[in-house]
file upload-v7.txt (compact mmCIF, C-alpha atoms)
# COMPACT_ATOMS: atom_id res chain seq x y z
CA MET J 21 58.99 -4.78 -10.35
CA GLY J 22 60.14 -3.65 -6.94
CA ALA J 23 58.84 -0.15 -7.59
CA VAL J 24 55.33 -1.41 -8.37
CA THR J 25 55.32 -3.62 -5.28
CA ALA J 26 56.67 -0.88 -3.01
CA ALA J 27 54.20 1.75 -4.25
CA LEU J 28 51.16 -0.53 -3.96
CA GLY J 29 52.33 -1.88 -0.60
CA THR J 30 52.70 1.62 0.80
CA MET J 31 49.21 2.54 -0.33
CA ALA J 32 47.77 -0.65 1.17
CA ALA J 33 49.50 -0.04 4.51
CA ILE J 34 48.10 3.49 4.81
CA ALA J 35 44.62 2.29 3.83
CA VAL J 36 44.83 -0.40 6.54
CA VAL J 37 45.61 2.32 9.09
CA GLY J 38 42.49 4.13 7.92
CA TRP J 39 40.42 0.95 8.21
CA LEU J 40 41.62 0.42 11.78
CA LEU J 41 40.76 4.02 12.65
CA GLY J 42 37.29 3.58 11.18
CA ARG J 43 36.70 0.09 12.55
CA TYR J 44 37.39 1.10 16.15
CA ARG J 45 36.13 4.69 15.80
CA LEU J 46 39.37 6.05 17.20
CA LEU J 47 38.72 9.49 15.70
CA GLY J 48 35.06 9.58 16.67
CA PRO J 49 31.89 9.40 14.54
CA GLY J 50 31.94 11.24 11.23
CA ALA J 51 35.73 11.50 11.12
CA GLU J 52 35.88 10.23 7.53
CA GLN J 53 33.68 13.15 6.51
CA VAL J 54 35.97 15.66 8.21
CA LEU J 55 39.06 14.15 6.58
CA ALA J 56 37.33 14.17 3.18
CA ARG J 57 36.55 17.86 3.63
CA ALA J 58 40.15 18.59 4.63
CA VAL J 59 41.47 16.85 1.52
CA PHE J 60 38.90 18.45 -0.76
CA ALA J 61 39.14 22.00 0.57
CA ILE J 62 42.79 22.36 1.60
CA ALA J 63 45.26 19.55 0.89
CA ALA J 64 44.29 18.54 -2.66
CA PRO J 65 44.05 22.13 -3.98
CA SER J 66 47.49 22.88 -2.51
CA LEU J 67 49.00 19.78 -4.12
CA LEU J 68 47.45 20.60 -7.49
CA LEU J 69 48.64 24.20 -7.34
CA VAL J 70 52.27 23.20 -6.74
CA THR J 71 52.27 20.28 -9.21
CA ILE J 72 50.86 22.31 -12.10
CA ALA J 73 52.87 25.44 -11.27
CA GLU J 74 56.11 23.47 -11.68
CA ALA J 75 55.01 21.51 -14.78
CA ASP J 76 56.19 22.14 -18.33
CA LEU J 77 53.06 23.21 -20.19
CA HIS J 78 54.62 22.10 -23.49
CA LEU J 79 53.69 18.58 -22.41
CA LEU J 80 50.09 19.49 -23.18
CA VAL J 81 50.80 19.36 -26.93
CA SER J 82 53.02 16.25 -27.08
CA ARG J 83 52.07 12.92 -28.67
CA THR J 84 52.07 11.35 -25.24
CA ALA J 85 49.52 13.91 -24.04
CA LEU J 86 47.42 13.26 -27.15
CA VAL J 87 47.30 9.52 -26.47
CA ILE J 88 46.32 10.14 -22.87
CA ALA J 89 43.63 12.66 -23.85
CA ILE J 90 42.09 10.43 -26.54
CA THR J 91 42.02 7.25 -24.48
CA THR J 92 40.86 8.88 -21.24
CA ALA J 93 38.10 10.79 -23.03
CA ALA J 94 36.99 7.59 -24.77
CA VAL J 95 36.78 5.66 -21.49
CA ALA J 96 34.88 8.51 -19.80
CA LEU J 97 32.46 8.79 -22.74
CA VAL J 98 31.72 5.05 -22.74
CA ALA J 99 31.09 5.06 -18.98
CA ALA J 100 28.84 8.13 -19.16
CA VAL J 101 26.76 6.79 -22.05
CA VAL J 102 26.30 3.35 -20.51
CA VAL J 103 25.43 4.56 -16.99
CA ARG J 104 23.39 7.65 -17.83
CA VAL J 105 21.81 6.83 -21.21
CA LEU J 106 21.44 3.04 -21.17
CA TRP J 107 20.99 2.40 -17.44
CA ARG J 108 19.33 5.77 -16.73
CA ARG J 109 21.07 6.34 -13.42
CA PRO J 110 20.84 9.82 -11.80
CA THR J 111 23.24 12.38 -13.23
CA GLY J 112 25.22 12.77 -10.00
CA GLU J 113 25.79 9.04 -9.64
CA ALA J 114 26.62 8.69 -13.34
CA THR J 115 29.23 11.45 -12.97
CA VAL J 116 30.94 9.68 -10.06
CA VAL J 117 30.90 6.34 -11.92
CA THR J 118 32.45 8.07 -14.93
CA LEU J 119 35.16 9.54 -12.73
CA ALA J 120 35.80 6.13 -11.15
CA ALA J 121 36.32 4.66 -14.63
CA SER J 122 38.55 7.42 -16.00
CA TYR J 123 40.21 9.36 -13.12
CA VAL J 124 43.38 7.47 -12.17
CA ASN J 125 45.68 7.56 -9.16
CA ALA J 126 48.32 9.63 -10.91
CA GLY J 127 49.49 11.41 -7.77
CA ASN J 128 50.38 9.01 -4.98
CA LEU J 129 50.83 5.93 -7.22
CA GLY J 130 51.54 7.31 -10.69
CA LEU J 131 54.27 9.66 -9.49
CA PRO J 132 56.41 7.03 -7.68
CA LEU J 133 55.89 4.61 -10.57
CA ALA J 134 57.01 7.28 -13.03
CA VAL J 135 60.14 7.92 -10.96
CA TYR J 136 61.17 4.36 -10.09
CA LEU J 137 59.72 2.32 -12.95
CA LEU J 138 59.93 4.75 -15.87
CA GLY J 139 62.87 6.83 -14.62
CA ASP J 140 61.22 10.22 -15.12
CA ALA J 141 58.60 11.97 -12.99
CA VAL J 142 57.56 14.02 -16.02
CA ALA J 143 55.83 10.92 -17.41
CA VAL J 144 52.91 11.44 -15.06
CA VAL J 145 52.39 15.15 -15.80
CA PRO J 146 50.24 14.80 -18.98
CA THR J 147 47.86 12.49 -17.11
CA LEU J 148 47.68 14.83 -14.14
CA LEU J 149 47.07 17.87 -16.31
CA PHE J 150 44.33 16.24 -18.39
CA GLN J 151 42.54 15.09 -15.28
CA LEU J 152 42.87 18.43 -13.51
CA LEU J 153 42.18 20.71 -16.46
CA VAL J 154 39.51 18.67 -18.27
CA LEU J 155 37.96 15.84 -16.26
CA ALA J 156 37.73 17.57 -12.88
CA PRO J 157 36.23 20.90 -14.11
CA ILE J 158 33.59 19.10 -16.18
CA ALA J 159 32.69 16.73 -13.34
CA PHE J 160 32.51 19.49 -10.72
CA THR J 161 30.41 21.67 -13.01
CA ILE J 162 27.91 18.82 -13.39
CA LEU J 163 27.93 17.89 -9.71
CA ASP J 164 27.59 21.49 -8.57
CA SER J 165 24.75 22.23 -10.98
CA ARG J 166 22.86 18.95 -10.61
CA GLY J 167 23.12 18.77 -6.83
CA SER J 168 20.43 21.38 -6.29
CA ARG J 169 18.12 20.22 -9.06
CA GLU J 170 18.27 16.56 -8.02
CA GLY J 171 17.66 17.39 -4.38
CA GLY J 172 21.22 16.47 -3.57
CA ARG J 173 23.09 17.35 -0.45
CA THR J 174 25.11 20.43 0.10
CA PRO J 175 28.71 19.35 -0.64
CA GLY J 176 30.31 17.66 2.33
CA LEU J 177 27.17 16.64 4.22
CA SER J 178 26.88 13.04 3.12
CA VAL J 179 28.85 9.96 4.08
CA GLY J 180 28.19 6.28 4.31
CA PRO J 181 26.25 3.92 2.08
CA ASP J 182 25.15 4.94 -1.37
CA ALA J 183 21.59 5.69 -0.38
CA SER J 184 22.16 9.36 -1.15
CA THR J 185 21.45 8.75 -4.82
CA ASP J 186 17.80 8.29 -3.92
CA THR J 187 16.37 11.76 -4.38
CA ASP J 188 13.30 11.03 -2.28
CA ALA J 189 15.49 10.16 0.69
CA LEU J 190 17.15 13.55 0.42
CA ALA J 191 14.04 15.69 0.30
CA ASP J 192 14.44 16.90 3.87
CA ASP J 193 18.20 16.91 4.26
CA GLY J 194 18.47 20.66 4.60
CA ALA J 195 20.00 21.23 1.16
CA GLN J 196 19.49 24.59 -0.43
CA PRO J 197 16.22 24.72 -2.39
CA ALA J 198 16.60 24.69 -6.15
CA ALA J 199 14.72 27.95 -6.50
CA SER J 200 17.31 29.82 -4.43
CA VAL J 201 20.28 28.62 -6.46
CA PRO J 202 21.39 30.91 -9.31
CA ALA J 203 20.15 29.46 -12.58
CA GLY J 204 21.76 29.23 -15.97
CA LEU J 205 25.36 29.48 -17.10
CA ARG J 206 26.16 32.31 -14.69
CA GLY J 207 25.10 30.27 -11.66
CA VAL J 208 26.97 27.16 -12.81
CA LEU J 209 30.10 29.20 -13.56
CA GLY J 210 29.94 30.91 -10.18
CA ARG J 211 29.64 27.62 -8.26
CA THR J 212 32.39 26.03 -10.35
CA LEU J 213 34.85 28.89 -9.77
CA ARG J 214 34.24 28.64 -6.02
CA ASN J 215 35.23 24.97 -6.04
CA PRO J 216 38.56 24.55 -4.16
CA ILE J 217 39.88 21.93 -6.62
CA ILE J 218 39.21 24.22 -9.59
CA ILE J 219 40.73 27.20 -7.77
CA GLY J 220 43.93 25.25 -7.08
CA THR J 221 44.12 23.99 -10.66
CA LEU J 222 43.58 27.39 -12.28
CA THR J 223 46.01 29.09 -9.92
CA GLY J 224 48.69 26.51 -10.70
CA LEU J 225 48.09 26.94 -14.42
CA LEU J 226 48.43 30.71 -14.08
CA LEU J 227 51.70 30.38 -12.16
CA ALA J 228 53.07 27.91 -14.73
CA ALA J 229 52.34 30.37 -17.53
CA LEU J 230 54.28 33.22 -15.88
CA PRO J 231 57.49 34.24 -17.70
CA TRP J 232 59.50 33.88 -14.47
CA THR J 233 59.99 31.18 -11.87
CA VAL J 234 57.84 31.46 -8.78
CA PRO J 235 60.07 31.78 -5.68
CA THR J 236 60.35 28.63 -3.58
CA VAL J 237 59.33 30.52 -0.45
CA VAL J 238 55.95 31.24 -2.06
CA LEU J 239 55.21 27.63 -3.01
CA GLU J 240 56.67 25.93 0.05
CA PRO J 241 53.61 26.35 2.34
CA PHE J 242 51.38 24.88 -0.37
CA ARG J 243 53.88 22.07 -0.89
CA LEU J 244 53.82 21.16 2.80
CA ILE J 245 50.03 21.21 2.99
CA GLY J 246 49.72 19.34 -0.31
CA ALA J 247 51.97 16.57 0.98
CA ALA J 248 49.11 15.57 3.28
CA ALA J 249 46.66 15.03 0.40
CA ALA J 250 47.74 11.53 -0.63
CA PRO J 251 47.97 9.94 2.85
CA LEU J 252 44.77 11.62 4.04
CA ALA J 253 42.91 10.43 0.94
CA LEU J 254 44.17 6.89 1.56
CA ILE J 255 43.19 7.04 5.23
CA THR J 256 39.73 8.29 4.21
CA PHE J 257 39.54 5.40 1.76
CA GLY J 258 40.45 2.90 4.48
CA MET J 259 37.96 4.39 6.92
CA SER J 260 35.19 4.19 4.31
CA LEU J 261 35.79 0.44 4.00
CA ALA J 262 34.92 0.08 7.68
CA LEU J 263 31.58 1.84 7.31
CA PRO J 264 28.56 -0.49 7.61
CA ARG J 265 26.72 -1.08 4.37
CA GLY J 266 23.02 -0.44 3.92
CA SER J 267 20.72 -3.44 4.10
CA GLY J 268 19.91 -3.24 0.39
CA GLU J 269 23.40 -2.38 -0.84
CA ARG J 270 25.16 -4.93 -3.03
CA ARG J 271 28.92 -5.15 -3.25
CA PHE J 272 29.23 -6.29 -6.87
CA THR J 273 26.98 -4.08 -8.95
CA ARG J 274 26.91 -3.61 -12.69
CA GLU J 275 28.32 -0.12 -12.21
CA LEU J 276 31.33 -1.52 -10.36
CA THR J 277 31.82 -4.23 -12.99
CA LEU J 278 31.77 -1.60 -15.74
CA VAL J 279 34.31 0.56 -13.92
CA VAL J 280 36.70 -2.34 -13.28
CA VAL J 281 36.58 -3.55 -16.89
CA LEU J 282 37.12 -0.06 -18.31
CA ARG J 283 39.82 0.84 -15.79
CA SER J 284 41.89 -2.36 -15.73
CA VAL J 285 41.39 -3.79 -19.24
CA VAL J 286 39.94 -1.41 -21.80
CA HIS J 287 41.99 1.69 -21.02
CA PRO J 288 45.42 -0.02 -21.17
CA LEU J 289 44.47 -1.77 -24.42
CA LEU J 290 43.27 1.52 -25.89
CA ALA J 291 46.55 3.16 -24.88
CA VAL J 292 48.52 0.44 -26.69
CA GLY J 293 46.44 0.81 -29.86
CA VAL J 294 46.37 4.60 -30.01
CA GLY J 295 50.02 4.85 -28.96
CA LEU J 296 51.16 2.56 -31.77
CA LEU J 297 48.92 4.41 -34.22
CA LEU J 298 50.59 7.72 -33.30
CA GLY J 299 54.08 6.25 -33.55
CA LEU J 300 54.99 5.81 -29.90
CA GLU J 301 57.38 3.00 -29.06
CA GLY J 302 59.81 1.86 -26.39
CA PRO J 303 59.82 3.85 -23.12
CA ALA J 304 57.27 6.37 -24.44
CA LEU J 305 54.72 3.64 -25.18
CA LEU J 306 55.45 1.90 -21.88
CA ALA J 307 54.87 5.19 -20.05
CA VAL J 308 51.42 5.93 -21.51
CA VAL J 309 50.21 2.34 -21.10
CA THR J 310 51.42 2.22 -17.50
CA MET J 311 49.62 5.48 -16.73
CA ALA J 312 46.47 4.09 -18.38
CA ALA J 313 46.63 1.01 -16.13
CA LEU J 314 46.69 3.00 -12.89
CA PRO J 315 43.82 2.22 -10.49
CA THR J 316 40.95 4.54 -9.66
CA ALA J 317 42.13 7.51 -7.61
CA GLN J 318 41.16 7.70 -3.95
CA ASN J 319 40.22 11.31 -4.67
CA VAL J 320 37.13 10.00 -6.47
CA LEU J 321 35.88 8.70 -3.13
CA VAL J 322 36.65 12.07 -1.55
CA TYR J 323 34.56 13.78 -4.25
CA ALA J 324 31.77 11.21 -3.85
CA LEU J 325 31.66 11.85 -0.11
CA GLN J 326 31.80 15.59 -0.69
CA TYR J 327 28.81 15.60 -3.04
CA GLY J 328 26.87 12.69 -1.54
CA ARG J 329 26.83 10.73 -4.80
CA GLY J 330 28.08 7.23 -5.70
CA GLN J 331 30.08 6.57 -2.53
CA ALA J 332 29.80 2.78 -2.74
CA VAL J 333 31.03 2.42 -6.30
CA ALA J 334 33.82 4.96 -5.72
CA ARG J 335 34.99 3.10 -2.62
CA ASP J 336 34.81 -0.39 -4.14
CA ALA J 337 36.32 0.70 -7.47
CA GLY J 338 39.34 2.11 -5.63
CA LEU J 339 39.80 -1.17 -3.78
CA VAL J 340 39.27 -3.61 -6.67
CA THR J 341 41.27 -1.71 -9.28
CA THR J 342 44.13 -1.23 -6.82
CA LEU J 343 44.23 -4.97 -6.17
CA LEU J 344 44.26 -5.61 -9.93
CA ALA J 345 46.89 -2.96 -10.65
CA MET J 346 49.90 -5.08 -9.77
CA PRO J 347 49.15 -8.09 -12.04
CA VAL J 348 48.08 -5.76 -14.85
CA MET J 349 51.29 -3.71 -14.61
CA LEU J 350 53.42 -6.84 -14.39
CA VAL J 351 51.91 -7.99 -17.70
CA ILE J 352 52.48 -4.55 -19.26
CA ALA J 353 56.11 -4.46 -18.12
CA ALA J 354 56.71 -7.99 -19.41
CA VAL J 355 55.21 -7.23 -22.83
CA LEU J 356 56.43 -3.66 -23.42
CA GLY J 357 59.43 -3.39 -21.08
call {"tool": "encode", "arguments": {"input": "upload-v7.txt", "output": "C-alpha cells"}}
result
Amino acid sequence: MGAVTAALGTMAAIAVVGWLLGRYRLLGPGAEQVLARAVFAIAAPSLLLVTIAEADLHLLVSRTALVIAITTAAVALVAAVVVRVLWRRPTGEATVVTLAASYVNAGNLGLPLAVYLLGDAVAVVPTLLFQLLVLAPIAFTILDSRGSREGGRTPGLSVGPDASTDTDALADDGAQPAASVPAGLRGVLGRTLRNPIIIGTLTGLLLAALPWTVPTVVLEPFRLIGAAAAPLALITFGMSLALPRGSGERRFTRELTLVVVLRSVVHPLLAVGVGLLLGLEGPALLAVVTMAALPTAQNVLVYALQYGRGQAVARDAGLVTTLLAMPVMLVIAAVLG
C-alpha cells in the first residue's frame, strides 16, 4: 500500500502549498483564477494531447473499457437525474455536480497508482479516454450553451463562493447577451470546438489514429507544458480552500453528500458487479475497481471556476473524496488483491 500512500501524500503536500499561497495571498488577489485559466487553456490540453496521442486505441473496445464506460455513465446519469430533475438545480450547477460524481483523478493519481499498484500504466488509459472523449465534450457542450441562456459568466470570470449559480446575481456581470450568441446546433458546435480541452482531446485522437508514430520532437513541447497541469490543478485546489465562504454557504450540502456516496461507494461497487458479470477477474478486476474508486479530479474545480458554476461542491468533493480514497482503496486491495 506504499504506492497509494505515496500518491495521496504527494497530492496532499502540493494542495497544502496551494492553501498557504492562498491563505497569505502570496501571489496576489485573483491568482487562483489565473492559475485555473492556465490549466484550462494551456497545460491540460497539452497533457491530453500527448496522453491520447500515445495511447493504444484498441483499448476503447476491450472488456475493461466496457466496464468503465457502463459504470461511469450510470453514475453520471444518476447524479444528473437527481440534481437536475428531482432537485431542480440550474443546468450549469447540475453539470458540475455530475462531473464531480463521475470525473475521476485518473491523471495525477490514477497514473501513479496504475504504475506502482497495478504494474501497468495502460490500466488508466480506458478511464482517461472515456472521460476525455465522452464526459468532457458533453459537459463542455452543456456549459458552453447554457452559460449564455442562464445569464452565466463568460468562462474564466468567476471565482470564489458558489453564489454564481444565482442567475439574478449575474445579471450585470458583463457576460455576452443571449441574443448575440449563435443559436442552435451550429452555435453550440462552434463554441464546443473552440474549447481548449476539446481541441487537445481531438488533436490527440487524430495523432493516435495516424498510421505512423509522431516524432518525439513534435510532442516534447506539449509534454513539458502538460507536465504542469497536475501540480497547477492541485495548487489551484489548495488555494480555493483558503477562499472565504459566503455567509449563506453551507459546507455539507445534499449535492456534496450525493457526490461523495456515488464517488466513494456506489461506483466501486458497480465496477465489481459489472466486472464480474463480464468475466473480469484477478488483476483486470482489481484494475477497473481501483480506477472506479479514484477521487474527484481537481480538474472539475478548474472547470467550475472557468464557467462560474458549482465551485463549492467541486472544491469540497475533491477534498472529501481524496480523504476517503485511501481507506476505500485499502479495502479494495485487501478484498481483490
call {"tool": "closest_residue", "arguments": {"input": "upload-v7.txt", "among": "J:Val286, J:Leu77, J:Leu276, J:Ala159", "to": "J:Ala94", "atoms": "all atoms listed in the file"}}
result
J:Val286
call {"tool": "closest_residue", "arguments": {"input": "upload-v7.txt", "among": "J:Gly299, J:Gly246, J:Pro231, J:Gly338", "to": "J:Leu86", "atoms": "all atoms listed in the file"}}
result
J:Gly299
call {"tool": "residues_around", "arguments": {"input": "upload-v7.txt", "residues": "J:Val294", "least_positions_apart": "2", "cutoff": "12 Å", "atoms": "all atoms listed in the file", "output": "list in words"}}
result
Arg83, Thr84, Ala85, Leu86, Val87, Ile88, Ala89, Ile90, Thr91, Thr92, Ala94, His287, Pro288, Leu289, Leu290, Ala291, Val292, Leu296, Leu297, Leu298, Gly299, Leu300, Glu301, Leu305, Val308, Val309 and Ala312 of chain J
call {"tool": "residues_around", "arguments": {"input": "upload-v7.txt", "residues": "J:Leu254", "least_positions_apart": "3", "cutoff": "6 Å", "atoms": "all atoms listed in the file", "output": "JSON, numbers by chain"}}
result
{"J": [35, 251, 257]}
call {"tool": "residues_around", "arguments": {"input": "upload-v7.txt", "residues": "stretch 104-113 of chain J", "least_positions_apart": "4", "cutoff": "6 Å", "atoms": "all atoms listed in the file", "output": "list in words"}}
result
Ala100, Leu163, Arg329 and Gly330 of chain J
call {"tool": "closest_residue", "arguments": {"input": "upload-v7.txt", "among": "J:Leu119, J:Arg45, J:Ile72, J:Val81", "to": "J:Ala99", "atoms": "all atoms listed in the file"}}
result
J:Leu119
call {"tool": "atom_distance", "arguments": {"input": "upload-v7.txt", "atom1": "atom CA of J:Arg243", "atom2": "atom CA of J:Val70"}}
result
6.2 Å
call {"tool": "atom_distance", "arguments": {"input": "upload-v7.txt", "atom1": "atom CA of J:Val98", "atom2": "atom CA of J:Leu152"}}
result
19.7 Å
call {"tool": "atom_distance", "arguments": {"input": "upload-v7.txt", "atom1": "atom CA of J:Gly50", "atom2": "atom CA of J:Asp336"}}
result
19.5 Å
call {"tool": "closest_residue", "arguments": {"input": "upload-v7.txt", "among": "J:Ile62, J:Leu230, J:Leu155, J:Ala114", "to": "J:Ala334", "atoms": "only C-alpha atoms"}}
result
J:Ala114
call {"tool": "residues_around", "arguments": {"input": "upload-v7.txt", "residues": "J:Pro315", "least_positions_apart": "6", "cutoff": "9 Å", "atoms": "all atoms listed in the file", "output": "number ranges by chain"}}
result
J: 120-121, 123-126, 129, 280, 283-284, 337-345
call {"tool": "closest_residue", "arguments": {"input": "upload-v7.txt", "among": "J:Leu226, J:Leu133, J:Ile219, J:Val95", "to": "J:Ala26", "atoms": "only C-alpha atoms"}}
result
J:Leu133
call {"tool": "residues_around", "arguments": {"input": "upload-v7.txt", "residues": "J:Arg43", "least_positions_apart": "4", "cutoff": "8 Å", "atoms": "all atoms listed in the file", "output": "list in words"}}
result
Trp39, Met259, Ala262 and Leu263 of chain J
call {"tool": "closest_residue", "arguments": {"input": "upload-v7.txt", "among": "J:Thr256, J:Thr223, J:Thr25, J:Thr161", "to": "J:Val37", "atoms": "only C-alpha atoms"}}
result
J:Thr256
call {"tool": "residues_near_point", "arguments": {"input": "upload-v7.txt", "point": "(43.3, 16.7, -4.3)", "cutoff": "7 Å", "atoms": "all atoms listed in the file", "output": "list in words"}}
result
Val59, Phe60, Ala63, Ala64, Pro65, Leu67, Leu68, Ile217, Ala249 and Asn319 of chain J
